[in-house]
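Chemist: Just model29.txt, nothing more (compact mmCIF, C-alpha atoms):
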# COMPACT_ATOMS: atom_id res chain seq x y z
CA MET Q 1 -119.77 -38.74 79.50
CA ILE Q 2 -116.41 -38.01 81.05
CA GLU Q 3 -115.13 -34.92 82.80
CA ILE Q 4 -111.86 -33.33 81.75
CA LYS Q 5 -109.92 -30.46 83.28
CA PHE Q 6 -107.33 -28.47 81.44
CA ILE Q 7 -105.89 -25.00 80.96
CA LEU Q 8 -107.44 -23.17 78.04
CA ASN Q 9 -105.89 -19.85 77.06
CA LYS Q 10 -104.35 -19.50 80.53
CA LYS Q 11 -107.60 -20.22 82.40
CA HIS Q 12 -108.43 -23.42 84.29
CA VAL Q 13 -111.51 -24.95 82.71
CA SER Q 14 -113.45 -28.19 82.90
CA ALA Q 15 -115.94 -29.83 80.58
CA LYS Q 16 -118.27 -32.83 80.53
CA ILE Q 17 -117.79 -34.44 77.16
CA GLU Q 18 -118.54 -37.52 75.10
CA SER Q 19 -115.43 -39.71 74.60
CA ASN Q 20 -115.75 -39.62 70.85
CA ILE Q 21 -115.36 -35.91 70.16
CA ARG Q 22 -112.17 -34.35 68.91
CA LEU Q 23 -110.29 -31.45 70.46
CA ILE Q 24 -111.44 -29.19 67.60
CA ASP Q 25 -115.09 -30.08 68.32
CA LEU Q 26 -114.59 -29.30 72.00
CA LEU Q 27 -112.99 -25.92 71.27
CA ARG Q 28 -115.50 -24.80 68.66
CA ASP Q 29 -118.75 -26.29 69.94
CA LYS Q 30 -118.39 -26.26 73.75
CA PHE Q 31 -116.16 -23.22 74.22
CA ASN Q 32 -117.28 -21.27 71.14
CA LEU Q 33 -113.67 -20.65 70.16
CA THR Q 34 -114.36 -20.59 66.45
CA GLY Q 35 -111.00 -19.08 65.51
CA THR Q 36 -109.77 -22.67 65.19
CA LYS Q 37 -110.85 -23.79 61.71
CA GLU Q 38 -111.55 -27.23 60.30
CA GLY Q 39 -110.16 -27.62 56.81
CA CYS Q 40 -109.39 -31.17 55.75
CA GLY Q 41 -110.09 -33.03 58.99
CA VAL Q 42 -107.21 -35.44 58.36
CA GLY Q 43 -104.13 -33.47 59.41
CA GLU Q 44 -103.02 -32.25 56.01
CA CYS Q 45 -103.97 -28.56 56.02
CA GLY Q 46 -103.10 -27.30 59.51
CA ALA Q 47 -106.07 -24.89 59.73
CA CYS Q 48 -107.02 -26.49 63.07
CA THR Q 49 -103.55 -26.02 64.63
CA VAL Q 50 -103.52 -25.20 68.34
CA LEU Q 51 -100.77 -25.35 70.95
CA MET Q 52 -100.85 -28.34 73.29
CA ASN Q 53 -98.30 -28.10 76.10
CA GLY Q 54 -96.43 -25.57 73.96
CA ARG Q 55 -96.29 -27.76 70.86
CA ALA Q 56 -98.26 -27.19 67.65
CA VAL Q 57 -100.77 -30.00 67.05
CA ASN Q 58 -103.66 -30.62 64.65
CA SER Q 59 -106.74 -30.37 66.87
CA CYS Q 60 -108.63 -32.57 64.39
CA LEU Q 61 -106.24 -35.45 65.20
CA VAL Q 62 -106.46 -35.22 68.99
CA LEU Q 63 -109.39 -36.56 70.97
CA ALA Q 64 -110.86 -34.08 73.43
CA ALA Q 65 -110.33 -36.64 76.18
CA GLN Q 66 -106.59 -36.58 75.45
CA ALA Q 67 -106.50 -32.87 76.35
CA ASP Q 68 -107.23 -33.75 79.99
CA GLU Q 69 -104.64 -32.09 82.26
CA SER Q 70 -102.97 -30.35 79.34
CA ASP Q 71 -102.32 -26.72 78.49
CA ILE Q 72 -104.13 -25.60 75.32
CA VAL Q 73 -103.69 -22.28 73.54
CA THR Q 74 -105.92 -21.25 70.62
CA ILE Q 75 -105.73 -18.16 68.43
CA GLU Q 76 -108.09 -16.44 70.87
CA GLY Q 77 -105.49 -16.81 73.63
CA ILE Q 78 -102.47 -15.53 71.80
CA SER Q 79 -103.11 -11.80 72.09
CA ASN Q 80 -102.72 -9.90 75.34
CA GLY Q 81 -106.28 -8.66 75.79
CA ASP Q 82 -106.81 -6.06 73.06
CA VAL Q 83 -103.09 -5.84 72.32
CA LEU Q 84 -102.23 -8.02 69.35
CA ASN Q 85 -99.43 -10.55 69.56
CA PRO Q 86 -96.41 -9.29 67.51
CA LEU Q 87 -97.05 -12.12 65.03
CA GLN Q 88 -100.65 -10.99 64.52
CA LYS Q 89 -99.53 -7.38 64.06
CA ASN Q 90 -96.89 -8.36 61.50
CA PHE Q 91 -99.24 -10.72 59.64
CA LEU Q 92 -101.52 -7.69 59.15
CA SER Q 93 -98.80 -5.24 58.16
CA HIS Q 94 -97.18 -7.70 55.71
CA GLY Q 95 -100.41 -8.62 53.92
CA ALA Q 96 -100.06 -12.19 55.19
CA VAL Q 97 -103.83 -12.44 55.71
CA GLN Q 98 -106.02 -12.73 52.64
CA CYS Q 99 -109.05 -14.98 53.04
CA GLY Q 100 -107.91 -15.62 56.60
CA PHE Q 101 -108.86 -19.29 56.87
CA CYS Q 102 -105.29 -20.51 57.36
CA THR Q 103 -104.25 -17.56 59.53
CA PRO Q 104 -105.02 -18.88 63.04
CA GLY Q 105 -103.10 -22.09 62.32
CA MET Q 106 -100.23 -20.22 60.68
CA VAL Q 107 -99.90 -17.83 63.61
CA LEU Q 108 -99.89 -20.68 66.13
CA SER Q 109 -97.33 -22.75 64.17
CA ALA Q 110 -95.11 -19.67 63.91
CA SER Q 111 -95.62 -18.92 67.58
CA ALA Q 112 -94.51 -22.44 68.58
CA LEU Q 113 -91.43 -21.99 66.39
CA LEU Q 114 -90.44 -18.63 67.90
CA ASP Q 115 -90.93 -19.96 71.43
CA GLN Q 116 -88.43 -22.74 70.76
CA ASN Q 117 -86.17 -20.93 68.34
CA PRO Q 118 -86.22 -17.14 68.62
CA ASN Q 119 -83.86 -16.67 65.70
CA PRO Q 120 -84.98 -19.06 62.95
CA SER Q 121 -83.53 -19.25 59.46
CA GLU Q 122 -85.84 -18.94 56.46
CA GLU Q 123 -85.58 -22.72 56.00
CA GLU Q 124 -86.62 -23.27 59.62
CA ILE Q 125 -89.60 -20.93 59.20
CA LYS Q 126 -90.66 -22.85 56.08
CA GLU Q 127 -90.32 -26.17 57.91
CA SER Q 128 -92.42 -24.90 60.83
CA ILE Q 129 -95.34 -23.97 58.56
CA ALA Q 130 -94.94 -26.85 56.09
CA GLY Q 131 -98.02 -28.45 57.67
CA ASN Q 132 -100.14 -25.32 57.11
CA LEU Q 133 -101.63 -24.82 53.68
CA CYS Q 134 -102.40 -21.33 52.36
CA ARG Q 135 -104.11 -21.02 48.97
CA CYS Q 136 -104.01 -17.20 48.80
CA THR Q 137 -100.70 -15.63 49.69
CA GLY Q 138 -98.10 -17.85 48.07
CA TYR Q 139 -96.50 -17.93 51.54
CA LYS Q 140 -93.97 -15.15 50.96
CA GLN Q 141 -95.87 -12.56 53.01
CA ILE Q 142 -96.32 -15.07 55.82
CA ILE Q 143 -92.62 -15.94 55.91
CA ASP Q 144 -91.74 -12.23 55.85
CA ALA Q 145 -94.12 -11.57 58.76
CA VAL Q 146 -92.51 -14.33 60.84
CA LYS Q 147 -89.01 -13.05 59.98
CA GLU Q 148 -89.97 -9.51 61.00
CA THR Q 149 -91.45 -10.77 64.28
CA ALA Q 150 -88.26 -12.68 65.09
CA LYS Q 151 -86.24 -9.56 64.33
CA GLU Q 152 -88.41 -7.43 66.63
CA LEU Q 153 -88.29 -9.95 69.44
CA ASN Q 154 -84.51 -10.14 69.21
CA GLN Q 155 -84.14 -6.37 69.37
CA LYS Q 156 -86.00 -6.25 72.68
CA MET W 157 -119.43 -38.85 62.61
CA MET W 158 -117.45 -40.84 65.13
CA PRO W 159 -118.80 -44.12 66.47
CA SER W 160 -119.71 -43.92 70.15
CA LEU W 161 -116.94 -45.31 72.26
CA GLU W 162 -115.22 -45.12 75.60
CA ILE W 163 -111.68 -43.96 76.28
CA ILE W 164 -109.58 -44.98 79.26
CA THR W 165 -106.18 -43.50 80.13
CA PRO W 166 -104.35 -45.96 82.43
CA LYS W 167 -101.48 -44.64 84.55
CA ASN W 168 -99.41 -47.82 84.43
CA LEU W 169 -98.76 -50.74 82.13
CA ASN W 170 -100.40 -53.30 84.36
CA ASP W 171 -103.75 -51.49 84.30
CA ALA W 172 -103.60 -51.29 80.52
CA LEU W 173 -102.73 -54.99 80.17
CA ASN W 174 -105.56 -55.89 82.56
CA LEU W 175 -108.03 -54.05 80.39
CA LEU W 176 -106.71 -55.74 77.26
CA SER W 177 -106.88 -59.22 78.78
CA SER W 178 -110.56 -58.72 79.70
CA LYS W 179 -111.41 -58.86 75.97
CA GLU W 180 -114.92 -57.63 76.70
CA LYS W 181 -115.29 -55.55 73.59
CA ASP W 182 -113.40 -54.33 70.60
CA ILE W 183 -110.42 -52.55 72.11
CA HIS W 184 -107.86 -50.45 70.28
CA ILE W 185 -104.74 -48.79 71.62
CA ILE W 186 -104.29 -45.10 70.91
CA ALA W 187 -101.17 -42.99 71.43
CA GLY W 188 -100.60 -40.15 68.96
CA GLY W 189 -103.91 -40.87 67.28
CA THR W 190 -102.85 -39.44 63.92
CA ASP W 191 -104.15 -42.58 62.15
CA VAL W 192 -106.83 -43.64 64.63
CA VAL W 193 -108.67 -40.31 65.06
CA PRO W 194 -109.19 -39.50 61.36
CA GLY W 195 -109.91 -43.22 60.79
CA LEU W 196 -112.69 -43.11 63.38
CA ASN W 197 -113.96 -39.79 62.14
CA GLN W 198 -114.20 -41.03 58.56
CA GLU W 199 -115.82 -44.27 59.77
CA SER W 200 -113.07 -46.31 58.17
CA ASN W 201 -113.75 -50.05 58.11
CA ARG W 202 -110.56 -50.68 60.04
CA PHE W 203 -111.78 -48.72 63.05
CA LYS W 204 -115.59 -48.74 62.97
CA ASP W 205 -116.03 -51.63 65.42
CA ILE W 206 -113.87 -50.10 68.14
CA ARG W 207 -115.81 -49.55 71.36
CA LEU W 208 -112.96 -48.86 73.78
CA LEU W 209 -109.78 -46.89 73.27
CA ILE W 210 -106.86 -47.26 75.65
CA ASP W 211 -104.70 -44.14 75.62
CA ILE W 212 -101.15 -45.22 76.56
CA ASN W 213 -99.62 -41.73 76.68
CA ARG W 214 -99.45 -41.60 80.51
CA ILE W 215 -97.74 -44.99 80.91
CA ALA W 216 -94.11 -44.53 81.99
CA GLU W 217 -93.05 -47.98 80.72
CA VAL W 218 -93.74 -46.99 77.09
CA LYS W 219 -92.00 -43.61 77.31
CA GLY W 220 -88.40 -42.41 77.34
CA ILE W 221 -85.32 -43.08 75.24
CA LYS W 222 -82.51 -45.04 76.93
CA THR W 223 -79.07 -45.59 75.53
CA ASP W 224 -76.33 -48.01 76.51
CA LYS W 225 -73.17 -49.14 74.73
CA GLU W 226 -74.83 -51.73 72.52
CA LYS W 227 -78.29 -50.39 71.82
CA ILE W 228 -80.87 -47.68 72.05
CA SER W 229 -84.28 -48.42 73.52
CA ILE W 230 -87.11 -46.15 72.43
CA GLY W 231 -90.41 -46.14 74.31
CA ALA W 232 -93.28 -47.12 72.01
CA ALA W 233 -95.20 -43.90 72.71
CA GLU W 234 -92.28 -41.55 72.08
CA THR W 235 -93.29 -39.01 69.47
CA PHE W 236 -91.33 -38.38 66.30
CA SER W 237 -90.45 -34.92 67.67
CA ASP W 238 -88.90 -36.62 70.73
CA VAL W 239 -86.93 -38.91 68.41
CA LEU W 240 -85.62 -35.94 66.41
CA GLN W 241 -84.43 -34.23 69.59
CA ASN W 242 -82.37 -37.21 70.70
CA GLU W 243 -78.65 -36.73 70.01
CA THR W 244 -77.74 -40.42 69.98
CA ILE W 245 -80.34 -41.06 67.30
CA GLU W 246 -79.07 -38.14 65.24
CA LYS W 247 -75.45 -39.37 65.49
CA LYS W 248 -75.74 -43.16 65.50
CA PHE W 249 -78.91 -43.70 63.47
CA PRO W 250 -78.77 -41.00 60.78
CA LEU W 251 -81.17 -42.90 58.48
CA LEU W 252 -83.82 -43.07 61.20
CA TRP W 253 -83.33 -39.39 61.97
CA LYS W 254 -83.62 -38.51 58.29
CA ALA W 255 -86.74 -40.65 57.74
CA VAL W 256 -88.45 -39.21 60.83
CA SER W 257 -87.64 -35.65 59.77
CA THR W 258 -89.53 -36.22 56.49
CA ILE W 259 -92.71 -37.49 58.18
CA GLY W 260 -95.87 -35.40 57.99
CA SER W 261 -95.40 -31.95 59.46
CA VAL W 262 -94.33 -30.45 62.78
CA GLN W 263 -97.91 -30.91 64.02
CA ILE W 264 -97.99 -34.60 63.02
CA ARG W 265 -94.52 -35.29 64.44
CA ASN W 266 -95.55 -33.69 67.74
CA ARG W 267 -98.23 -36.38 68.17
CA ALA W 268 -97.43 -39.42 66.02
CA THR W 269 -95.36 -42.12 67.72
CA ILE W 270 -92.59 -44.43 66.61
CA ALA W 271 -94.51 -47.64 67.42
CA GLY W 272 -97.73 -46.29 65.93
CA ASN W 273 -95.98 -46.12 62.58
CA PHE W 274 -95.24 -49.87 62.38
CA VAL W 275 -98.19 -51.16 64.43
CA ASN W 276 -100.46 -49.39 61.92
CA ASN W 277 -98.17 -50.93 59.26
CA ALA W 278 -99.27 -48.90 56.28
CA PRO W 279 -97.28 -49.80 53.12
CA CYS W 280 -95.89 -46.26 53.13
CA ALA W 281 -94.82 -46.16 56.82
CA ASP W 282 -91.63 -44.11 56.51
CA THR W 283 -89.70 -45.47 59.48
CA VAL W 284 -90.25 -49.15 58.63
CA PRO W 285 -87.54 -49.54 55.93
CA VAL W 286 -84.94 -47.81 58.12
CA LEU W 287 -85.88 -49.75 61.25
CA LEU W 288 -85.58 -52.92 59.15
CA VAL W 289 -82.05 -52.15 57.96
CA TYR W 290 -81.06 -51.27 61.53
CA ASN W 291 -82.31 -54.74 62.64
CA ALA W 292 -84.74 -53.26 65.16
CA THR W 293 -86.43 -55.61 67.60
CA ILE W 294 -89.60 -54.86 69.54
CA GLU W 295 -90.65 -55.71 73.07
CA ILE W 296 -94.23 -56.86 73.47
CA GLU W 297 -96.07 -57.49 76.72
CA SER W 298 -99.35 -59.02 77.75
CA GLN W 299 -100.73 -59.83 81.19
CA SER W 300 -99.18 -63.29 81.03
CA SER W 301 -96.20 -62.97 78.70
CA LYS W 302 -93.30 -60.87 77.56
CA ARG W 303 -91.52 -61.38 74.25
CA GLU W 304 -89.05 -59.64 71.99
CA ILE W 305 -89.11 -60.23 68.23
CA GLY W 306 -87.49 -58.75 65.15
CA LEU W 307 -89.54 -56.08 63.42
CA ASN W 308 -89.20 -58.06 60.20
CA ASP W 309 -91.04 -61.01 61.80
CA PHE W 310 -93.62 -58.75 63.43
CA LEU W 311 -94.96 -57.23 60.20
CA SER W 312 -97.24 -59.61 58.34
CA ALA W 313 -99.35 -57.81 55.71
CA PRO W 314 -100.57 -54.29 54.93
CA TYR W 315 -102.16 -52.91 58.12
CA LYS W 316 -101.60 -56.27 59.84
CA THR W 317 -99.02 -57.40 62.38
CA LYS W 318 -98.46 -60.34 64.70
CA LEU W 319 -99.60 -58.32 67.71
CA ASN W 320 -102.20 -60.32 69.67
CA ALA W 321 -105.35 -58.62 70.93
CA ASP W 322 -104.15 -58.70 74.55
CA GLU W 323 -100.66 -57.32 73.82
CA ILE W 324 -98.97 -53.91 73.80
CA VAL W 325 -95.74 -52.98 72.07
CA THR W 326 -93.72 -51.39 74.85
CA ARG W 327 -90.29 -50.60 73.41
CA ILE W 328 -88.24 -50.61 70.23
CA ASN W 329 -84.64 -51.72 70.64
CA ILE W 330 -82.05 -50.99 67.98
CA PRO W 331 -78.46 -52.24 68.11
CA ILE W 332 -75.98 -49.42 67.51
CA PRO W 333 -74.25 -50.24 64.21
CA SER W 334 -70.46 -50.09 64.07
CA ASN W 335 -68.93 -46.94 62.62
CA GLU W 336 -67.92 -48.86 59.48
CA PHE W 337 -71.52 -48.82 58.26
CA ALA W 338 -72.54 -46.09 55.86
CA GLY W 339 -76.04 -45.64 54.52
CA ASP W 340 -78.81 -43.41 53.31
CA PHE W 341 -82.59 -43.09 53.10
CA TYR W 342 -84.60 -41.93 50.09
CA LYS W 343 -88.22 -40.83 49.99
CA LEU W 344 -90.36 -39.72 47.10
CA GLY W 345 -93.70 -38.02 47.82
CA ARG W 346 -95.96 -35.71 45.86
CA ARG W 347 -95.17 -32.75 48.06
CA ARG W 348 -92.42 -32.20 50.59
CA ALA W 349 -94.58 -32.05 53.70
CA VAL W 350 -97.56 -34.19 54.68
CA ALA W 351 -97.16 -36.43 51.64
CA ILE W 352 -97.92 -40.13 51.47
CA SER W 353 -94.67 -41.73 50.32
CA ARG W 354 -94.69 -43.23 46.85
CA ILE W 355 -91.23 -44.74 47.15
CA THR W 356 -88.94 -45.22 50.13
CA LEU W 357 -85.56 -46.95 50.14
CA ALA W 358 -83.13 -47.59 52.97
CA LEU W 359 -79.57 -48.81 52.50
CA LEU W 360 -76.87 -49.67 55.03
CA MET W 361 -73.51 -51.03 53.91
CA LYS W 362 -70.13 -51.99 55.31
CA SER W 363 -67.36 -52.48 52.80
CA ASN W 364 -63.66 -53.02 52.92
CA ASP W 365 -61.59 -51.76 50.02
CA ARG W 366 -64.83 -51.66 47.96
CA ILE W 367 -65.55 -55.32 48.74
CA ILE W 368 -69.02 -55.53 50.25
CA ASP W 369 -68.75 -57.06 53.69
CA GLU W 370 -72.39 -56.59 54.68
CA ILE W 371 -75.27 -54.84 52.97
CA ARG W 372 -78.83 -54.32 54.15
CA ILE W 373 -81.54 -53.16 51.77
CA ALA W 374 -85.20 -52.32 52.44
CA SER W 375 -88.04 -50.63 50.62
CA GLY W 376 -91.42 -49.18 51.50
CA ALA W 377 -94.48 -47.99 49.55
CA VAL W 378 -93.36 -49.88 46.40
CA THR W 379 -93.80 -53.16 48.28
CA PRO W 380 -97.04 -54.20 50.07
CA ILE W 381 -95.29 -53.59 53.40
CA GLY W 382 -91.79 -52.44 54.35
CA THR W 383 -89.55 -55.26 53.06
CA ARG W 384 -85.94 -56.41 53.50
CA PHE W 385 -84.25 -58.00 50.50
CA PHE W 386 -82.26 -60.78 52.17
CA ASP W 387 -81.59 -62.73 48.93
CA LEU W 388 -80.18 -59.67 47.28
CA GLU W 389 -78.06 -58.92 50.35
CA LYS W 390 -76.59 -62.45 50.23
CA PHE W 391 -75.94 -62.11 46.52
CA ALA W 392 -74.05 -58.83 47.07
CA LYS W 393 -71.90 -60.01 49.95
CA GLY W 394 -68.25 -60.34 48.96
CA LYS W 395 -68.75 -58.63 45.60
CA LYS W 396 -66.76 -55.62 44.51
CA ALA W 397 -68.88 -52.46 44.66
CA ASP W 398 -67.76 -51.03 41.32
CA ASP W 399 -70.02 -49.08 39.00
CA GLU W 400 -70.95 -52.15 36.98
CA PHE W 401 -71.99 -54.10 40.06
CA MET W 402 -73.99 -51.18 41.48
CA LYS W 403 -75.96 -51.06 38.24
CA GLU W 404 -76.48 -54.82 38.32
CA LEU W 405 -77.67 -54.71 41.94
CA SER W 406 -80.03 -51.81 41.23
CA GLY W 407 -81.48 -53.71 38.27
CA LYS W 408 -82.01 -56.80 40.40
CA LEU W 409 -83.72 -54.79 43.15
CA GLY W 410 -86.25 -53.57 40.59
CA GLU W 411 -86.84 -57.14 39.39
CA GLN W 412 -87.39 -58.35 42.95
CA ILE W 413 -89.91 -55.60 43.64
CA ILE W 414 -91.84 -56.53 40.50
CA GLN W 415 -91.77 -60.17 41.65
CA VAL W 416 -93.44 -59.13 44.92
CA THR W 417 -95.98 -56.69 43.54
CA GLY W 418 -96.58 -57.90 39.99
CA LEU W 419 -96.69 -55.42 37.13
CA ARG W 420 -98.88 -52.43 37.96
CA TRP W 421 -100.01 -49.38 36.04
CA SER W 422 -97.40 -47.38 37.91
CA SER W 423 -94.53 -49.83 37.36
CA GLU W 424 -93.54 -48.20 34.11
CA TYR W 425 -92.46 -45.01 35.83
CA LYS W 426 -91.78 -46.23 39.36
CA LEU W 427 -89.43 -49.06 38.39
CA PRO W 428 -86.81 -46.90 36.65
CA VAL W 429 -87.02 -44.39 39.53
CA VAL W 430 -86.47 -47.12 42.13
CA GLN W 431 -83.52 -48.50 40.19
CA GLN W 432 -81.96 -45.13 39.51
CA MET W 433 -82.43 -43.88 43.08
CA PHE W 434 -81.00 -47.07 44.56
CA TYR W 435 -78.00 -46.71 42.26
CA GLN W 436 -77.60 -43.10 43.44
CA LEU W 437 -77.78 -44.21 47.09
CA LEU W 438 -75.06 -46.82 46.47
CA LYS W 439 -72.87 -44.31 44.64
CA GLY W 440 -73.44 -41.72 47.36
CA ILE W 441 -72.15 -43.92 50.16
CA GLU W 442 -69.23 -45.38 48.17
CA ARG W 443 -67.83 -41.90 47.59
Let me see whether you can do it: turn the structure in this file into structure tokens.

Modeler:
Amino acid sequence: MIEIKFILNKKHVSAKIESNIRLIDLLRDKFNLTGTKEGCGVGECGACTVLMNGRAVNSCLVLAAQADESDIVTIEGISNGDVLNPLQKNFLSHGAVQCGFCTPGMVLSASALLDQNPNPSEEEIKESIAGNLCRCTGYKQIIDAVKETAKELNQK
Amino acid sequence: MMPSLEIITPKNLNDALNLLSSKEKDIHIIAGGTDVVPGLNQESNRFKDIRLLIDINRIAEVKGIKTDKEKISIGAAETFSDVLQNETIEKKFPLLWKAVSTIGSVQIRNRATIAGNFVNNAPCADTVPVLLVYNATIEIESQSSKREIGLNDFLSAPYKTKLNADEIVTRINIPIPSNEFAGDFYKLGRRRAVAISRITLALLMKSNDRIIDEIRIASGAVTPIGTRFFDLEKFAKGKKADDEFMKELSGKLGEQIIQVTGLRWSSEYKLPVVQQMFYQLLKGIER
């Protein structure tokens, strides 16, 4: 067992863990943050995307031990209490959520994009979610939701 | 289910090299982990005996990108996202920049590292053909030695390299090519993102009045490992790069690939694609 300390959704946390568990296992099983989904388990589908030090990563490809001293944000940490993040609000209003399995990963990938590039082109939006598979929407609603969010953020 | 193992995150190179030289158990280095973690999780034969992982992400000696007049030196544990953000790489090594931008997805590029790509040495490693045509060399250290060798000599077989068990790749050094070189990189995958490459080609050429002064050609995925075609390069030197010769060279590249791999079920469709795409690359840079 090893002890790791990190920031999880803006709170300092620590955990005693086995060295051989992945970040996704830590989040889901130890912290009960089940918004992070496991799809393929090999980094192809992006359902397990979380933010690590502000960058989108596949939590199925990171060992929990590697999260020591890092800053992790999951879908549970992206809203402001009961107030939805603008991306979440626009995903809902644009019909970008159907079965919902890809949604947490999509929102986090889009969030990382908008943090780095508040005014992305459609091509840049597509590139940012190219590692997130959605089998329901056909992606158009998702891209529209991200575009709308960027527009709103730029008007503020 | 993952095998039970230990993970240690040394803060400096010396501590990591000490651990490696102890050779107590099956040790594997991890940086981005995009090959190692799913490999462990799927109990792949390549990783199932590992009992200790050394995470090199906190070691300053394997981080950072340094540039001087002659070369760029990339820390082994620099991620592909770091590489894409470097202006010198974008300007002076456009093929490397292009190859890296096609790798995986944002999530993969945020973790996967430049050295991980060629130390893993999958046949489809996207940066290998471009690093080969740029004549990249790699710095390797152990507790008792330090050496620098060409990437071409380092790669030995699919998923195998000449890295000894007590060694770490610390840096990748690439000489900045003169402005007279033009080149391009081609990749074919089944989908645009997160696709395993089926064909990769890298081409770098310097010509004077259409006479080929120097040409460097490499392939990946269609050869067992990323491969330079030195014989073909010699053959092309001094020849006039007219349409007829480009077709001849493209034909010969296909023949050489078949010589390396033998005829396969996929040769029938891959061979014409390789030849046609190489011809297009040549035409593109001669324009």

Chemist: Could you check how far CA of Thr223 (chain W) sits from CA of Leu251 (chain W), in Å to one decimal?

Modeler: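 That distance, rounded to one decimal, is 17.4 Å.
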
Chemist: Please identify all polymer residues within 8 Å of Phe91 (chain Q), counting all atoms listed in the file, omitting same-chain residues fewer than 5 positions from it, and present them as a list in words.

Modeler: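 Close residues of Phe91 (chain Q): Ala96, Val97, Gln141, Ile142, Ala145 and Val146 of chain Q.
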
Chemist: Interatomic distance between CA of Ile296 (chain W) and CA of Leu319 (chain W)?

Modeler: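 According to the coordinates, CA of Ile296 (chain W) and CA of Leu319 (chain W) are separated by 8.0 Å.
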
Chemist: Give me the residues of chain W that have any atom at most 8 Å from an atom of chain Q; for each, the nearest atom pair and the distance in Å, rounded to one decimal. Use all atoms listed in the file, sort by chain and number, and format it as a tab-separated table.

Modeler:
residue	atom	partner	partner_atom	distance
W:Met158	CA	Q:Asn20	CA	6.1
W:Pro159	CA	Q:Asn20	CA	7.0
W:Ser160	CA	Q:Asn20	CA	5.9
W:Leu161	CA	Q:Asn20	CA	6.0
W:Glu162	CA	Q:Ser19	CA	5.5
W:Ile163	CA	Q:Ser19	CA	5.9
W:Gly188	CA	Q:Val62	CA	7.7
W:Gly189	CA	Q:Leu61	CA	6.3
W:Thr190	CA	Q:Leu61	CA	5.4
W:Val193	CA	Q:Leu61	CA	5.4
W:Pro194	CA	Q:Val42	CA	5.4
W:Asp211	CA	Q:Gln66	CA	7.8
W:Gly260	CA	Q:Gly131	CA	7.3
W:Ser261	CA	Q:Gly131	CA	4.7
W:Val262	CA	Q:Ser128	CA	6.2
W:Gln263	CA	Q:Val57	CA	4.3
W:Ile264	CA	Q:Val57	CA	6.7
W:Asn266	CA	Q:Val57	CA	6.4
W:Arg267	CA	Q:Val57	CA	7.0
W:Ala349	CA	Q:Ala130	CA	5.7
W:Val350	CA	Q:Glu44	CA	5.9

Chemist: At a cut-off of 9 Å, using all atoms listed in the file, what residues contact region 324-337 of chain W? Leave out same-chain residues fewer than 6 positions from it and give the result as a PyMOL selection string.

Modeler: chain W and resi 169+172-173+176+185+217-219+225-233+248-249+270-271+275+287+290-298+307+360-364+370-371

Chemist: Give the answer as one residue: which of W:Ser300, W:Ala216, W:Gln241, W:Cys280 has the shortest atom-to-atom distance to Arg265 (chain W), using only C-alpha atoms?

Modeler: W:Gln241

Chemist: Against region 384-392 of chain W, which residues of region 195-289 of chain W fall within 12 Å? For each one I want the closest pair of atoms and the distance in Å (one decimal), counting all atoms listed in the file, rows by chain and increasing residue number, as a Markdown table.

Modeler:
| residue | atom | partner | partner_atom | distance |
| --- | --- | --- | --- | --- |
| W:Val284 | CA | W:Arg384 | CA | 9.9 |
| W:Pro285 | CA | W:Arg384 | CA | 7.5 |
| W:Val286 | CA | W:Arg384 | CA | 9.8 |
| W:Leu287 | CA | W:Arg384 | CA | 10.2 |
| W:Leu288 | CA | W:Arg384 | CA | 6.7 |
| W:Val289 | CA | W:Arg384 | CA | 7.3 |

Chemist: With distances taken over only C-alpha atoms, which of Q:Leu108, Q:Ala67, Q:Leu114, Q:Cys102 is nearest to Arg214 (chain W)?

Modeler: Q:Ala67

Chemist: Take CA of Cys48 (chain Q) and CA of Gly105 (chain Q) and report the distance between them in Å, one decimal.

Modeler: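 Distance between the two atoms: 5.9 Å.
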
Chemist: Need to verify the contact set: region 70-80 of chain Q, 9 Å, all atoms listed in the file, exclusion of same-chain residues closer than 6 positions in sequence. Can you return it as a VMD selection string?

Modeler: chain Q and resid 5 to 10 27 33 to 36 49 to 54 86 88 104 to 105 107 to 108 111

Chemist: Would you put the residues from that selection into a file with C-alpha atoms, as an mmCIF file, keeping the file's coordinate frame?

Modeler:
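Produced file out27.cif, reproduced below:
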data_model
loop_
_atom_site.group_PDB
_atom_site.id
_atom_site.type_symbol
_atom_site.label_atom_id
_atom_site.label_comp_id
_atom_site.auth_asym_id
_atom_site.auth_seq_id
_atom_site.Cartn_x
_atom_site.Cartn_y
_atom_site.Cartn_z
ATOM 1 C CA LYS Q 5 -109.920 -30.460 83.280
ATOM 2 C CA PHE Q 6 -107.330 -28.470 81.440
ATOM 3 C CA ILE Q 7 -105.890 -25.000 80.960
ATOM 4 C CA LEU Q 8 -107.440 -23.170 78.040
ATOM 5 C CA ASN Q 9 -105.890 -19.850 77.060
ATOM 6 C CA LYS Q 10 -104.350 -19.500 80.530
ATOM 7 C CA LEU Q 27 -112.990 -25.920 71.270
ATOM 8 C CA LEU Q 33 -113.670 -20.650 70.160
ATOM 9 C CA THR Q 34 -114.360 -20.590 66.450
ATOM 10 C CA GLY Q 35 -111.000 -19.080 65.510
ATOM 11 C CA THR Q 36 -109.770 -22.670 65.190
ATOM 12 C CA THR Q 49 -103.550 -26.020 64.630
ATOM 13 C CA VAL Q 50 -103.520 -25.200 68.340
ATOM 14 C CA LEU Q 51 -100.770 -25.350 70.950
ATOM 15 C CA MET Q 52 -100.850 -28.340 73.290
ATOM 16 C CA ASN Q 53 -98.300 -28.100 76.100
ATOM 17 C CA GLY Q 54 -96.430 -25.570 73.960
ATOM 18 C CA PRO Q 86 -96.410 -9.290 67.510
ATOM 19 C CA GLN Q 88 -100.650 -10.990 64.520
ATOM 20 C CA PRO Q 104 -105.020 -18.880 63.040
ATOM 21 C CA GLY Q 105 -103.100 -22.090 62.320
ATOM 22 C CA VAL Q 107 -99.900 -17.830 63.610
ATOM 23 C CA LEU Q 108 -99.890 -20.680 66.130
ATOM 24 C CA SER Q 111 -95.620 -18.920 67.580
#
